[in-house]
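Trainee: Input structure: data.cif, which contains mmCIF, C-alpha atoms.
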```cif
data_structure
loop_
_atom_site.label_atom_id
_atom_site.label_comp_id
_atom_site.auth_asym_id
_atom_site.auth_seq_id
_atom_site.Cartn_x
_atom_site.Cartn_y
_atom_site.Cartn_z
CA MET A 21 -17.24 -104.50 -95.32
CA ALA A 22 -20.85 -105.51 -94.66
CA GLY A 23 -20.68 -109.18 -93.61
CA GLY A 24 -18.60 -111.02 -91.07
CA HIS A 25 -17.98 -110.52 -87.39
CA ARG A 26 -15.78 -108.37 -85.24
CA LEU A 27 -13.89 -110.91 -83.13
CA LEU A 28 -13.21 -114.62 -82.72
CA LEU A 29 -11.51 -115.85 -79.55
CA GLU A 30 -10.42 -119.42 -80.23
CA ASN A 31 -9.78 -122.47 -78.10
CA ALA A 32 -9.49 -120.93 -74.62
CA ARG A 33 -8.51 -123.26 -71.80
CA GLN A 34 -11.31 -121.72 -69.74
CA VAL A 35 -14.13 -119.31 -70.56
CA VAL A 36 -15.61 -118.02 -67.31
CA LEU A 37 -19.22 -117.17 -68.17
CA VAL A 38 -20.10 -116.36 -64.52
CA CYS A 39 -23.81 -116.87 -65.42
CA ALA A 40 -25.32 -119.12 -68.08
CA GLY A 41 -29.06 -118.67 -67.50
CA GLY A 42 -29.65 -114.94 -67.79
CA GLU A 43 -29.41 -114.35 -64.03
CA ARG A 44 -29.38 -110.68 -63.05
CA PHE A 45 -27.38 -111.39 -59.87
CA LEU A 46 -26.01 -114.34 -57.90
CA THR A 47 -26.61 -115.06 -54.20
CA ARG A 48 -26.36 -117.95 -51.71
CA ASP A 49 -25.81 -121.39 -53.30
CA ALA A 50 -25.48 -119.96 -56.81
CA LEU A 51 -22.13 -118.53 -55.67
CA ARG A 52 -20.60 -121.93 -54.81
CA SER A 53 -19.43 -122.43 -58.38
CA LEU A 54 -19.57 -120.23 -61.47
CA ALA A 55 -20.37 -121.30 -65.01
CA VAL A 56 -17.07 -122.17 -66.75
CA LEU A 57 -16.49 -123.77 -70.18
CA GLU A 58 -13.27 -125.69 -70.98
CA GLY A 59 -11.73 -125.68 -74.46
CA ALA A 60 -14.17 -123.08 -75.74
CA SER A 61 -14.40 -120.29 -78.30
CA LEU A 62 -16.38 -117.04 -78.38
CA VAL A 63 -17.65 -114.76 -81.19
CA VAL A 64 -18.47 -111.04 -80.94
CA GLY A 65 -20.47 -109.43 -83.75
CA ARG A 66 -20.06 -106.07 -85.45
CA ASP A 67 -22.68 -104.63 -83.09
CA GLY A 68 -20.35 -105.36 -80.15
CA LEU A 69 -22.59 -108.11 -78.75
CA ILE A 70 -21.69 -111.74 -78.06
CA LYS A 71 -23.06 -113.98 -80.84
CA ALA A 72 -21.88 -117.43 -79.76
CA ILE A 73 -19.97 -119.25 -77.03
CA GLY A 74 -19.30 -122.97 -77.03
CA PRO A 75 -16.89 -125.84 -77.56
CA ALA A 76 -14.11 -124.80 -79.95
CA ASP A 77 -14.92 -127.48 -82.55
CA VAL A 78 -18.65 -126.57 -82.58
CA ILE A 79 -17.89 -122.85 -83.05
CA ARG A 80 -15.35 -123.66 -85.77
CA ARG A 81 -18.01 -125.62 -87.74
CA GLN A 82 -20.75 -123.08 -87.09
CA PHE A 83 -18.66 -120.16 -88.38
CA SER A 84 -16.61 -121.91 -91.07
CA GLY A 85 -16.23 -119.69 -94.12
CA GLU A 86 -17.20 -116.54 -92.16
CA THR A 87 -14.89 -113.54 -91.86
CA PHE A 88 -13.61 -111.86 -88.71
CA GLU A 89 -11.91 -108.52 -88.22
CA GLU A 90 -9.70 -110.11 -85.58
CA ILE A 91 -8.92 -113.66 -84.45
CA ILE A 92 -7.06 -114.32 -81.19
CA ASP A 93 -5.68 -117.74 -80.31
CA CYS A 94 -6.47 -118.25 -76.62
CA SER A 95 -4.83 -121.69 -76.24
CA GLY A 96 -3.72 -122.17 -72.63
CA LYS A 97 -5.42 -118.94 -71.57
CA CYS A 98 -8.58 -117.87 -69.76
CA ILE A 99 -11.33 -115.53 -70.89
CA LEU A 100 -13.32 -113.71 -68.19
CA PRO A 101 -15.98 -110.98 -68.29
CA GLY A 102 -14.60 -107.45 -68.12
CA LEU A 103 -14.48 -106.41 -64.47
CA VAL A 104 -17.05 -103.95 -63.10
CA ASP A 105 -15.98 -101.36 -60.51
CA ALA A 106 -19.16 -100.36 -58.70
CA HIS A 107 -17.86 -97.36 -56.69
CA THR A 108 -15.27 -94.72 -57.63
CA HIS A 109 -14.55 -90.99 -57.18
CA PRO A 110 -12.21 -90.50 -60.14
CA VAL A 111 -12.66 -86.80 -61.10
CA TRP A 112 -10.65 -84.46 -58.87
CA ALA A 113 -7.60 -82.23 -58.53
CA GLY A 114 -5.24 -81.95 -55.55
CA GLU A 115 -3.21 -84.90 -54.29
CA ARG A 116 -3.67 -85.98 -50.66
CA VAL A 117 -0.57 -88.11 -50.16
CA HIS A 118 0.30 -85.92 -47.11
CA GLU A 119 -2.89 -87.14 -45.43
CA PHE A 120 -1.78 -90.74 -45.83
CA ALA A 121 1.23 -89.84 -43.66
CA MET A 122 -1.13 -88.24 -41.10
CA LYS A 123 -3.29 -91.38 -41.01
CA LEU A 124 -0.24 -93.57 -40.54
CA ALA A 125 0.68 -91.34 -37.56
CA GLY A 126 -2.74 -92.02 -36.01
CA ALA A 127 -5.11 -89.30 -37.26
CA THR A 128 -8.64 -90.52 -38.00
CA TYR A 129 -10.66 -89.80 -41.15
CA MET A 130 -13.01 -87.43 -39.31
CA GLU A 131 -10.13 -85.63 -37.52
CA ILE A 132 -8.53 -84.85 -40.90
CA HIS A 133 -11.96 -83.86 -42.28
CA GLN A 134 -12.63 -81.46 -39.38
CA ALA A 135 -9.16 -79.89 -39.75
CA GLY A 136 -10.06 -78.79 -43.30
CA GLY A 137 -8.48 -81.77 -44.98
CA GLY A 138 -10.18 -84.70 -46.63
CA ILE A 139 -13.05 -83.87 -48.95
CA HIS A 140 -12.75 -80.10 -48.33
CA PHE A 141 -9.11 -80.05 -49.47
CA THR A 142 -10.06 -81.80 -52.70
CA VAL A 143 -13.12 -79.56 -53.19
CA GLU A 144 -10.96 -76.41 -53.12
CA HIS A 145 -8.53 -77.78 -55.71
CA THR A 146 -11.29 -79.22 -57.92
CA ARG A 147 -13.16 -75.91 -57.94
CA GLN A 148 -9.99 -74.15 -59.14
CA ALA A 149 -9.11 -76.72 -61.84
CA SER A 150 -10.17 -76.22 -65.44
CA GLU A 151 -12.48 -78.68 -67.15
CA GLU A 152 -9.66 -79.73 -69.47
CA GLU A 153 -7.27 -80.40 -66.55
CA LEU A 154 -9.91 -82.53 -64.86
CA PHE A 155 -10.61 -84.46 -68.06
CA ARG A 156 -6.92 -85.22 -68.70
CA SER A 157 -6.30 -86.62 -65.21
CA PHE A 158 -9.61 -88.52 -65.32
CA GLN A 159 -8.68 -90.05 -68.67
CA GLN A 160 -5.32 -91.25 -67.26
CA ARG A 161 -7.05 -92.81 -64.25
CA LEU A 162 -9.57 -94.63 -66.44
CA GLN A 163 -6.65 -95.95 -68.51
CA CYS A 164 -5.06 -97.39 -65.35
CA MET A 165 -8.36 -99.01 -64.34
CA MET A 166 -8.79 -100.48 -67.82
CA ARG A 167 -5.27 -101.95 -67.80
CA ALA A 168 -6.27 -103.72 -64.57
CA GLY A 169 -9.26 -105.30 -66.35
CA THR A 170 -12.11 -102.89 -65.63
CA THR A 171 -14.48 -102.31 -68.57
CA LEU A 172 -17.45 -100.74 -66.71
CA VAL A 173 -16.99 -98.22 -63.91
CA GLU A 174 -19.28 -96.13 -61.73
CA CYS A 175 -18.03 -92.51 -61.59
CA LYS A 176 -19.20 -89.97 -59.01
CA SER A 177 -19.17 -86.20 -58.90
CA GLY A 178 -19.01 -84.78 -55.36
CA TYR A 179 -15.87 -82.65 -55.13
CA GLY A 180 -17.69 -79.48 -56.15
CA LEU A 181 -20.58 -79.27 -53.66
CA ASP A 182 -21.65 -76.06 -55.43
CA LEU A 183 -23.78 -76.34 -58.57
CA GLU A 184 -21.16 -74.86 -60.91
CA THR A 185 -18.40 -77.33 -59.98
CA GLU A 186 -20.70 -80.33 -59.73
CA LEU A 187 -21.87 -79.63 -63.30
CA LYS A 188 -18.24 -79.19 -64.40
CA MET A 189 -17.46 -82.66 -63.01
CA LEU A 190 -20.54 -84.18 -64.64
CA ARG A 191 -19.56 -82.64 -68.00
CA VAL A 192 -16.10 -84.20 -67.66
CA ILE A 193 -17.67 -87.62 -66.96
CA GLU A 194 -20.08 -87.15 -69.88
CA ARG A 195 -17.22 -86.33 -72.26
CA ALA A 196 -15.42 -89.52 -71.21
CA ARG A 197 -18.65 -91.51 -71.60
CA ARG A 198 -18.94 -90.30 -75.20
CA GLU A 199 -15.27 -90.32 -76.28
CA LEU A 200 -13.64 -93.27 -74.49
CA ASP A 201 -14.09 -97.03 -74.77
CA MET A 202 -14.77 -97.61 -71.08
CA GLY A 203 -18.38 -98.16 -69.99
CA ILE A 204 -19.41 -95.50 -67.44
CA SER A 205 -22.31 -95.25 -64.99
CA THR A 206 -22.60 -91.61 -63.84
CA THR A 207 -23.51 -90.68 -60.28
CA TYR A 208 -24.45 -87.22 -59.00
CA CYS A 209 -22.93 -86.93 -55.51
CA GLY A 210 -23.50 -83.28 -54.65
CA ALA A 211 -24.30 -84.41 -51.09
CA HIS A 212 -20.78 -85.78 -50.51
CA SER A 213 -20.17 -83.26 -47.72
CA VAL A 214 -21.75 -80.12 -46.28
CA PRO A 215 -20.01 -77.21 -48.07
CA LYS A 216 -18.19 -74.63 -45.96
CA GLY A 217 -20.44 -71.69 -45.09
CA LYS A 218 -23.66 -73.73 -45.23
CA THR A 219 -25.63 -75.73 -42.67
CA ALA A 220 -26.71 -79.24 -43.59
CA THR A 221 -30.31 -78.01 -43.97
CA GLU A 222 -29.22 -75.22 -46.33
CA ALA A 223 -27.15 -77.70 -48.35
CA VAL A 224 -30.11 -80.09 -48.66
CA ASP A 225 -32.42 -77.25 -49.76
CA ASP A 226 -29.84 -76.09 -52.35
CA ILE A 227 -29.54 -79.62 -53.78
CA ILE A 228 -33.31 -80.19 -53.96
CA ASN A 229 -34.30 -76.71 -55.19
CA ASN A 230 -31.35 -75.88 -57.48
CA HIS A 231 -29.07 -78.81 -58.30
CA LEU A 232 -31.62 -81.51 -59.13
CA PRO A 233 -33.90 -79.31 -61.30
CA LYS A 234 -30.81 -78.28 -63.31
CA LEU A 235 -29.75 -81.93 -63.72
CA LYS A 236 -33.25 -82.79 -64.91
CA GLU A 237 -33.15 -79.95 -67.47
CA LEU A 238 -29.66 -80.88 -68.78
CA SER A 239 -30.61 -84.55 -68.99
CA ARG A 240 -33.77 -83.73 -70.91
CA ASN A 241 -31.73 -81.62 -73.36
CA GLY A 242 -29.29 -84.49 -73.87
CA GLU A 243 -26.33 -82.45 -72.57
CA ILE A 244 -25.48 -84.86 -69.78
CA HIS A 245 -26.63 -88.33 -68.77
CA VAL A 246 -26.86 -89.16 -65.05
CA ASP A 247 -27.77 -92.64 -63.80
CA ASN A 248 -27.56 -92.54 -60.00
CA ILE A 249 -27.94 -90.27 -56.98
CA ASP A 250 -25.63 -90.55 -53.95
CA VAL A 251 -25.50 -89.03 -50.44
CA PHE A 252 -22.85 -89.45 -47.73
CA CYS A 253 -25.24 -90.50 -44.94
CA GLU A 254 -23.04 -90.08 -41.87
CA LYS A 255 -22.94 -88.55 -38.40
CA GLY A 256 -21.78 -84.95 -38.74
CA VAL A 257 -22.49 -84.93 -42.50
CA PHE A 258 -26.04 -85.75 -43.73
CA ASP A 259 -28.38 -87.36 -41.19
CA LEU A 260 -31.05 -89.92 -42.02
CA ASP A 261 -33.83 -87.37 -42.62
CA SER A 262 -31.66 -85.19 -44.91
CA THR A 263 -30.54 -88.31 -46.76
CA ARG A 264 -34.14 -89.43 -47.26
CA ARG A 265 -35.17 -86.03 -48.68
CA ILE A 266 -32.31 -85.90 -51.21
CA LEU A 267 -32.59 -89.54 -52.32
CA GLN A 268 -36.37 -89.33 -52.75
CA SER A 269 -36.01 -86.12 -54.79
CA GLY A 270 -33.42 -87.84 -57.00
CA LYS A 271 -35.65 -90.88 -57.42
CA ASP A 272 -38.52 -88.56 -58.41
CA ILE A 273 -36.50 -87.34 -61.44
CA GLY A 274 -35.66 -90.90 -62.48
CA LEU A 275 -32.27 -91.50 -60.83
CA GLN A 276 -31.32 -94.84 -59.26
CA ILE A 277 -30.55 -94.60 -55.54
CA ASN A 278 -26.96 -95.67 -54.87
CA PHE A 279 -25.50 -94.11 -51.72
CA HIS A 280 -22.86 -94.19 -48.94
CA GLY A 281 -24.30 -95.66 -45.73
CA ASP A 282 -23.39 -97.04 -42.30
CA GLU A 283 -19.66 -96.49 -42.84
CA LEU A 284 -18.28 -94.84 -39.68
CA HIS A 285 -21.36 -94.96 -37.44
CA PRO A 286 -24.54 -97.11 -37.44
CA MET A 287 -27.11 -94.79 -39.07
CA LYS A 288 -29.86 -97.23 -40.14
CA ALA A 289 -28.93 -96.30 -43.71
CA ALA A 290 -29.46 -99.88 -44.90
CA GLU A 291 -33.01 -99.87 -43.56
CA LEU A 292 -33.66 -96.52 -45.26
CA GLY A 293 -32.23 -97.73 -48.57
CA ALA A 294 -34.37 -100.86 -48.52
CA GLU A 295 -37.47 -98.76 -47.77
CA LEU A 296 -36.75 -96.31 -50.63
CA GLY A 297 -36.04 -99.06 -53.17
CA ALA A 298 -32.31 -98.29 -53.46
CA GLN A 299 -30.39 -100.16 -56.14
CA ALA A 300 -27.24 -100.19 -53.99
CA ILE A 301 -25.68 -99.01 -50.73
CA SER A 302 -21.91 -98.73 -50.34
CA HIS A 303 -19.59 -99.23 -47.34
CA LEU A 304 -21.85 -100.76 -44.62
CA GLU A 305 -19.01 -101.38 -42.14
CA GLU A 306 -21.48 -100.48 -39.32
CA VAL A 307 -24.66 -101.97 -40.77
CA SER A 308 -27.17 -103.54 -38.33
CA ASP A 309 -28.45 -107.13 -38.52
CA GLU A 310 -31.90 -105.72 -39.31
CA GLY A 311 -30.42 -103.63 -42.12
CA ILE A 312 -28.80 -106.71 -43.66
CA VAL A 313 -32.11 -108.61 -43.67
CA ALA A 314 -33.94 -105.58 -45.09
CA MET A 315 -31.41 -105.27 -47.94
CA ALA A 316 -31.70 -108.97 -48.77
CA THR A 317 -35.50 -108.76 -48.88
CA ALA A 318 -35.48 -105.60 -51.02
CA ARG A 319 -32.80 -106.98 -53.40
CA CYS A 320 -30.76 -103.88 -52.63
CA SER A 321 -27.11 -104.65 -53.37
CA ALA A 322 -24.27 -104.08 -50.91
CA VAL A 323 -21.22 -102.52 -52.57
CA LEU A 324 -18.36 -103.47 -50.27
CA LEU A 325 -15.06 -101.58 -50.44
CA PRO A 326 -12.17 -103.64 -49.01
CA THR A 327 -9.57 -100.97 -49.83
CA THR A 328 -11.29 -98.39 -47.62
CA ALA A 329 -11.48 -100.61 -44.56
CA TYR A 330 -7.85 -101.60 -45.20
CA MET A 331 -6.44 -98.09 -45.68
CA LEU A 332 -8.50 -96.39 -42.95
CA ARG A 333 -8.01 -99.36 -40.59
CA LEU A 334 -11.76 -99.63 -40.11
CA LYS A 335 -13.45 -102.84 -39.09
CA GLN A 336 -14.22 -104.95 -42.14
CA PRO A 337 -17.76 -105.03 -43.54
CA ARG A 338 -19.53 -108.24 -42.51
CA ALA A 339 -19.47 -109.82 -45.94
CA ARG A 340 -20.04 -113.37 -44.65
CA LYS A 341 -23.15 -112.37 -42.71
CA MET A 342 -24.50 -110.55 -45.78
CA LEU A 343 -23.78 -113.50 -48.08
CA ASP A 344 -25.38 -115.96 -45.65
CA GLU A 345 -28.51 -113.78 -45.43
CA GLY A 346 -28.82 -113.63 -49.23
CA VAL A 347 -27.71 -110.04 -49.82
CA ILE A 348 -26.49 -109.28 -53.38
CA VAL A 349 -22.84 -108.51 -52.60
CA ALA A 350 -20.85 -106.39 -55.07
CA LEU A 351 -17.36 -104.88 -54.92
CA GLY A 352 -15.83 -101.51 -55.76
CA SER A 353 -12.37 -99.98 -55.56
CA ASP A 354 -13.57 -96.71 -53.95
CA PHE A 355 -10.79 -95.06 -55.97
CA ASN A 356 -10.40 -91.53 -54.55
CA PRO A 357 -7.62 -89.37 -53.04
CA ASN A 358 -8.18 -91.16 -49.71
CA ALA A 359 -8.04 -94.75 -51.09
CA TYR A 360 -5.83 -94.74 -54.16
CA CYS A 361 -6.43 -98.08 -55.85
CA PHE A 362 -7.27 -98.68 -59.52
CA SER A 363 -7.22 -102.46 -59.45
CA MET A 364 -10.28 -104.69 -59.11
CA PRO A 365 -8.05 -107.83 -59.00
CA MET A 366 -6.44 -106.40 -55.84
CA VAL A 367 -9.89 -105.49 -54.49
CA MET A 368 -11.01 -109.11 -55.04
CA HIS A 369 -7.88 -110.43 -53.29
CA LEU A 370 -8.49 -108.17 -50.27
CA ALA A 371 -12.16 -109.24 -50.21
CA CYS A 372 -11.07 -112.87 -50.03
CA VAL A 373 -8.37 -112.41 -47.38
CA ASN A 374 -9.87 -109.68 -45.16
CA MET A 375 -13.61 -110.23 -45.67
CA ARG A 376 -13.40 -114.03 -45.95
CA MET A 377 -15.11 -114.25 -49.32
CA SER A 378 -14.37 -117.20 -51.61
CA MET A 379 -12.79 -116.57 -55.02
CA THR A 380 -16.05 -117.42 -56.81
CA GLU A 381 -17.96 -115.00 -54.54
CA ALA A 382 -15.38 -112.28 -55.19
CA LEU A 383 -15.43 -112.71 -58.97
CA ALA A 384 -19.26 -112.64 -59.05
CA ALA A 385 -19.13 -109.53 -56.85
CA ALA A 386 -16.78 -107.83 -59.34
CA THR A 387 -18.82 -108.84 -62.41
CA ILE A 388 -22.54 -109.74 -62.44
CA ASN A 389 -23.37 -108.36 -58.97
CA ALA A 390 -21.42 -105.12 -59.53
CA ALA A 391 -23.27 -104.73 -62.84
CA TYR A 392 -26.55 -105.29 -60.93
CA ALA A 393 -25.57 -102.54 -58.45
CA LEU A 394 -25.42 -100.17 -61.44
CA GLY A 395 -28.66 -101.45 -62.98
CA LYS A 396 -26.72 -102.91 -65.93
CA SER A 397 -26.62 -106.67 -65.32
CA HIS A 398 -28.96 -107.29 -68.28
CA THR A 399 -26.14 -106.14 -70.62
CA HIS A 400 -22.92 -106.48 -68.58
CA GLY A 401 -21.24 -108.67 -65.97
CA SER A 402 -21.26 -112.12 -67.60
CA LEU A 403 -20.37 -113.77 -70.91
CA GLU A 404 -23.70 -114.79 -72.45
CA VAL A 405 -25.11 -114.54 -75.96
CA GLY A 406 -26.73 -111.14 -76.51
CA LYS A 407 -24.66 -109.37 -73.85
CA GLN A 408 -22.01 -106.77 -74.57
CA GLY A 409 -18.65 -108.21 -75.66
CA ASP A 410 -16.60 -106.82 -72.76
CA LEU A 411 -13.95 -109.30 -71.63
CA ILE A 412 -10.38 -109.88 -70.57
CA ILE A 413 -7.91 -112.57 -71.56
CA ILE A 414 -5.37 -113.69 -68.97
CA ASN A 415 -2.20 -115.67 -69.58
CA SER A 416 -2.99 -118.51 -67.21
CA THR A 417 -4.67 -121.91 -67.43
CA GLN A 418 -6.78 -121.18 -64.31
CA TRP A 419 -8.91 -118.06 -63.88
CA GLU A 420 -8.27 -117.98 -60.13
CA HIS A 421 -4.77 -116.61 -60.77
CA LEU A 422 -6.37 -113.21 -61.38
CA ILE A 423 -7.23 -113.09 -57.66
CA TYR A 424 -4.50 -115.35 -56.25
CA GLN A 425 -1.60 -113.26 -57.61
CA PHE A 426 -1.73 -110.16 -55.41
CA GLY A 427 -0.56 -107.27 -57.59
CA GLY A 428 0.23 -109.58 -60.51
CA HIS A 429 -2.59 -108.49 -62.80
CA TYR A 430 -0.49 -106.26 -65.08
CA GLU A 431 1.55 -109.31 -66.14
CA LEU A 432 -1.47 -111.63 -66.27
CA ILE A 433 -3.89 -109.53 -68.31
CA GLU A 434 -2.93 -109.79 -71.98
CA TYR A 435 -6.01 -108.27 -73.60
CA VAL A 436 -8.84 -106.01 -72.48
CA ILE A 437 -11.74 -105.96 -74.95
CA ALA A 438 -14.80 -103.67 -75.01
CA LYS A 439 -17.70 -104.33 -77.42
CA GLY A 440 -15.47 -106.84 -79.20
CA LYS A 441 -12.76 -104.23 -79.82
CA VAL A 442 -9.27 -104.67 -78.35
CA ILE A 443 -8.74 -101.57 -76.19
CA TYR A 444 -5.56 -102.76 -74.44
CA LYS A 445 -2.99 -105.45 -75.11
CA THR A 446 0.38 -106.14 -73.52
#
```
Let me see the file written as structure tokens.

Mentor:
Amino acid sequence: MAGGHRLLLENARQVVLVCAGGERFLTRDALRSLAVLEGASLVVGRDGLIKAIGPADVIRRQFSGETFEEIIDCSGKCILPGLVDAHTHPVWAGERVHEFAMKLAGATYMEIHQAGGGIHFTVEHTRQASEEELFRSFQQRLQCMMRAGTTLVECKSGYGLDLETELKMLRVIERARRELDMGISTTYCGAHSVPKGKTATEAVDDIINNHLPKLKELSRNGEIHVDNIDVFCEKGVFDLDSTRRILQSGKDIGLQINFHGDELHPMKAAELGAELGAQAISHLEEVSDEGIVAMATARCSAVLLPTTAYMLRLKQPRARKMLDEGVIVALGSDFNPNAYCFSMPMVMHLACVNMRMSMTEALAAATINAAYALGKSHTHGSLEVGKQGDLIIINSTQWEHLIYQFGGHYELIEYVIAKGKVIYKT
């Protein structure tokens, strides 16, 4: 069937555009209120892109006599952009529920790490797992994220640390990117930890001399696609100089810099990221005032992870200070064996309660600003003509219920749509 369109969403109580003027991110006063249409309809074309958004009667006249593959009556409901999860570690084997019990009994993250737990425990199990096993569990996790409204997710490697396993993880992510409906931004995170048997210097040399040239070759051949490079810049892991060397080498082969910084100790990672032209820095619980200003000036986004601070009982990132200084604040779930959360609605709720963000700030941080952190806000993160038709429909007359109802998203979210195609419905 040559003519017609893919999808018509009719007569929604609210359509939350987030942006209406092609903004690539929102900061400061632009976060006070988001662009919202009342009594509106939306059309997605066969190419998966949004063709029209406007008052229901105007859209009805404009498209009268045209055909649609699917029409959904959205009376009394809200349409929002698909949520963007800007930080996850979703490819791994080996559960760590026993470590949660240790943490509840008072053990710190680094104590567990030094006792051979944490990342090292997961690395051992991930190295032993087959590619198919890793893909199956990854696919199930993406399904859970999608049911919670996520349509674009950043996915890291980093539980291999050796070249063979890192490539195995990246192949698993690449297969999902090609076969599944979820949008994926792929991050090479071979510098997640210093592998057992190596010094930090040896690990850095291995990454720069062996890992990155292989990634460049595989990318050029079209075997894998990698978007970002990540390093765990932390005391006792990779110091500032090691981090600089790896990130610059990644940037030199065309990767966006998007790394873990200033989480457990103040490392001046924010200052380094701003200097190197990083797209994003995650965590930032221990960021300095100077680092915040540097990030704002460099338009380097801060990916804040409320679940991590909550589960590890860390001090909260200073979201209010960052917002007041004009930093582009984004959110991520940090889904991993140490912070097991699939749900961006719950992440937004925690951001509001524990980091004192407003609901409009939290929604922007989980849509347009999270898309910006992945270098994709020109195509994702808001509902505007020409952008990808990724959206969710919730059974409520006010969009705020998606954040207000803590843990209620599975009942609220009726449809998840990617490129105008229904990929989940209740």

Trainee: Exactly which residues make up the result of the PyMOL selection byres ((chain A and resi 48) around 10) on this file, given as a count of residues only?

Mentor: 14

Trainee: What does the PyMOL selection byres ((chain A and resi 232-240) around 9) select in this file, as a list in words?

Mentor: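 When the PyMOL selection byres ((chain A and resi 232-240) around 9) is applied, the selected residues are Leu183, Leu187, Tyr208, Asp226, Ile227, Ile228, Asn229, Asn230, His231, Asn241, Gly242, Glu243, Ile244, His245, Val246, Ser269, Gly270, Ile273 and Gly274 of chain A.
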
Trainee: What are the centre and edge lengths in Å, to one decimal, of the axis-aligned box around all listed atoms of segment 333-346 of chain A with 8 Å added on each side, as JSON?

Mentor:
```
{"center_x": -18.4, "center_y": -107.7, "center_z": -44.2, "size_x": 36.8, "size_y": 32.6, "size_z": 26.1}
```

Trainee: Can you list, as JSON, numbers by chain, every protein, DNA or RNA residue that comes within 8 Å of segment 95-103 of chain A when you count only C-alpha atoms, leaving out same-chain residues fewer than 5 positions away?

Mentor: {"A": [30, 31, 32, 33, 34, 35, 36, 37, 38, 169, 170, 171, 172, 364, 386, 387, 401, 402, 403, 410, 411, 412, 413, 414, 415, 416, 417, 418, 419, 436, 437, 438]}

Trainee: How would the residues just picked look written out with C-alpha atoms as a PDB file, keeping the file's coordinate frame?

Mentor:
```pdb
ATOM      1  CA  GLU A  30     -10.420-119.420 -80.230  1.00  0.00           C
ATOM      2  CA  ASN A  31      -9.780-122.470 -78.100  1.00  0.00           C
ATOM      3  CA  ALA A  32      -9.490-120.930 -74.620  1.00  0.00           C
ATOM      4  CA  ARG A  33      -8.510-123.260 -71.800  1.00  0.00           C
ATOM      5  CA  GLN A  34     -11.310-121.720 -69.740  1.00  0.00           C
ATOM      6  CA  VAL A  35     -14.130-119.310 -70.560  1.00  0.00           C
ATOM      7  CA  VAL A  36     -15.610-118.020 -67.310  1.00  0.00           C
ATOM      8  CA  LEU A  37     -19.220-117.170 -68.170  1.00  0.00           C
ATOM      9  CA  VAL A  38     -20.100-116.360 -64.520  1.00  0.00           C
ATOM     10  CA  GLY A 169      -9.260-105.300 -66.350  1.00  0.00           C
ATOM     11  CA  THR A 170     -12.110-102.890 -65.630  1.00  0.00           C
ATOM     12  CA  THR A 171     -14.480-102.310 -68.570  1.00  0.00           C
ATOM     13  CA  LEU A 172     -17.450-100.740 -66.710  1.00  0.00           C
ATOM     14  CA  MET A 364     -10.280-104.690 -59.110  1.00  0.00           C
ATOM     15  CA  ALA A 386     -16.780-107.830 -59.340  1.00  0.00           C
ATOM     16  CA  THR A 387     -18.820-108.840 -62.410  1.00  0.00           C
ATOM     17  CA  GLY A 401     -21.240-108.670 -65.970  1.00  0.00           C
ATOM     18  CA  SER A 402     -21.260-112.120 -67.600  1.00  0.00           C
ATOM     19  CA  LEU A 403     -20.370-113.770 -70.910  1.00  0.00           C
ATOM     20  CA  ASP A 410     -16.600-106.820 -72.760  1.00  0.00           C
ATOM     21  CA  LEU A 411     -13.950-109.300 -71.630  1.00  0.00           C
ATOM     22  CA  ILE A 412     -10.380-109.880 -70.570  1.00  0.00           C
ATOM     23  CA  ILE A 413      -7.910-112.570 -71.560  1.00  0.00           C
ATOM     24  CA  ILE A 414      -5.370-113.690 -68.970  1.00  0.00           C
ATOM     25  CA  ASN A 415      -2.200-115.670 -69.580  1.00  0.00           C
ATOM     26  CA  SER A 416      -2.990-118.510 -67.210  1.00  0.00           C
ATOM     27  CA  THR A 417      -4.670-121.910 -67.430  1.00  0.00           C
ATOM     28  CA  GLN A 418      -6.780-121.180 -64.310  1.00  0.00           C
ATOM     29  CA  TRP A 419      -8.910-118.060 -63.880  1.00  0.00           C
ATOM     30  CA  VAL A 436      -8.840-106.010 -72.480  1.00  0.00           C
ATOM     31  CA  ILE A 437     -11.740-105.960 -74.950  1.00  0.00           C
ATOM     32  CA  ALA A 438     -14.800-103.670 -75.010  1.00  0.00           C
TER      33      ALA A 438
END
```

Trainee: Taking all atoms listed in the file into account, name the residue in A:Glu291, A:Ser378, A:Met202, A:Phe120 that is nearest to Gln163 of chain A.

Mentor: A:Met202

Trainee: For Leu267 of chain A, list every protein, DNA or RNA residue within 12 Å, evaluated using all atoms listed in the file, and leave out those in the same chain fewer than 2 positions away; present the list as a PyMOL selection string.

Mentor: chain A and resi 208-211+224+227-228+232+248-253+258+260-265+269-280+289+292-293+295-299+301

Trainee: One decimal, Å: what's the distance from atom CA of Ala385 of chain A over to atom CA of Gly409 of chain A, could you say?

Mentor: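 Between atom CA of Ala385 of chain A and atom CA of Gly409 of chain A the gap is 18.9 Å.
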
Trainee: Can you work out the spacing between atom CA of Cys94 of chain A and atom CA of Ala391 of chain A in Å, to one decimal?

Mentor: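 Atom-to-atom, atom CA of Cys94 of chain A to atom CA of Ala391 of chain A, that is 25.6 Å.
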
Trainee: Measure the distance from atom CA of Glu119 of chain A to atom CA of Ile132 of chain A in Å and round it to one decimal.

Mentor: 7.6 Å

Trainee: Using all atoms listed in the file, which protein or nucleic acid residues come within 8 Å of segment 24-26 of chain A? Drop anything in the same chain fewer than 3 positions from it, and give the result as a ChimeraX atom specification.

Mentor: /A:21,63-66,68,86-90,440-441

Trainee: Please expand the PyMOL selection byres ((chain A and resi 367) around 9) into the concrete residues it hits in this file, giving the result as a PyMOL selection string.

Mentor: chain A and resi 325-327+351-353+361-366+368-372+382+386+423
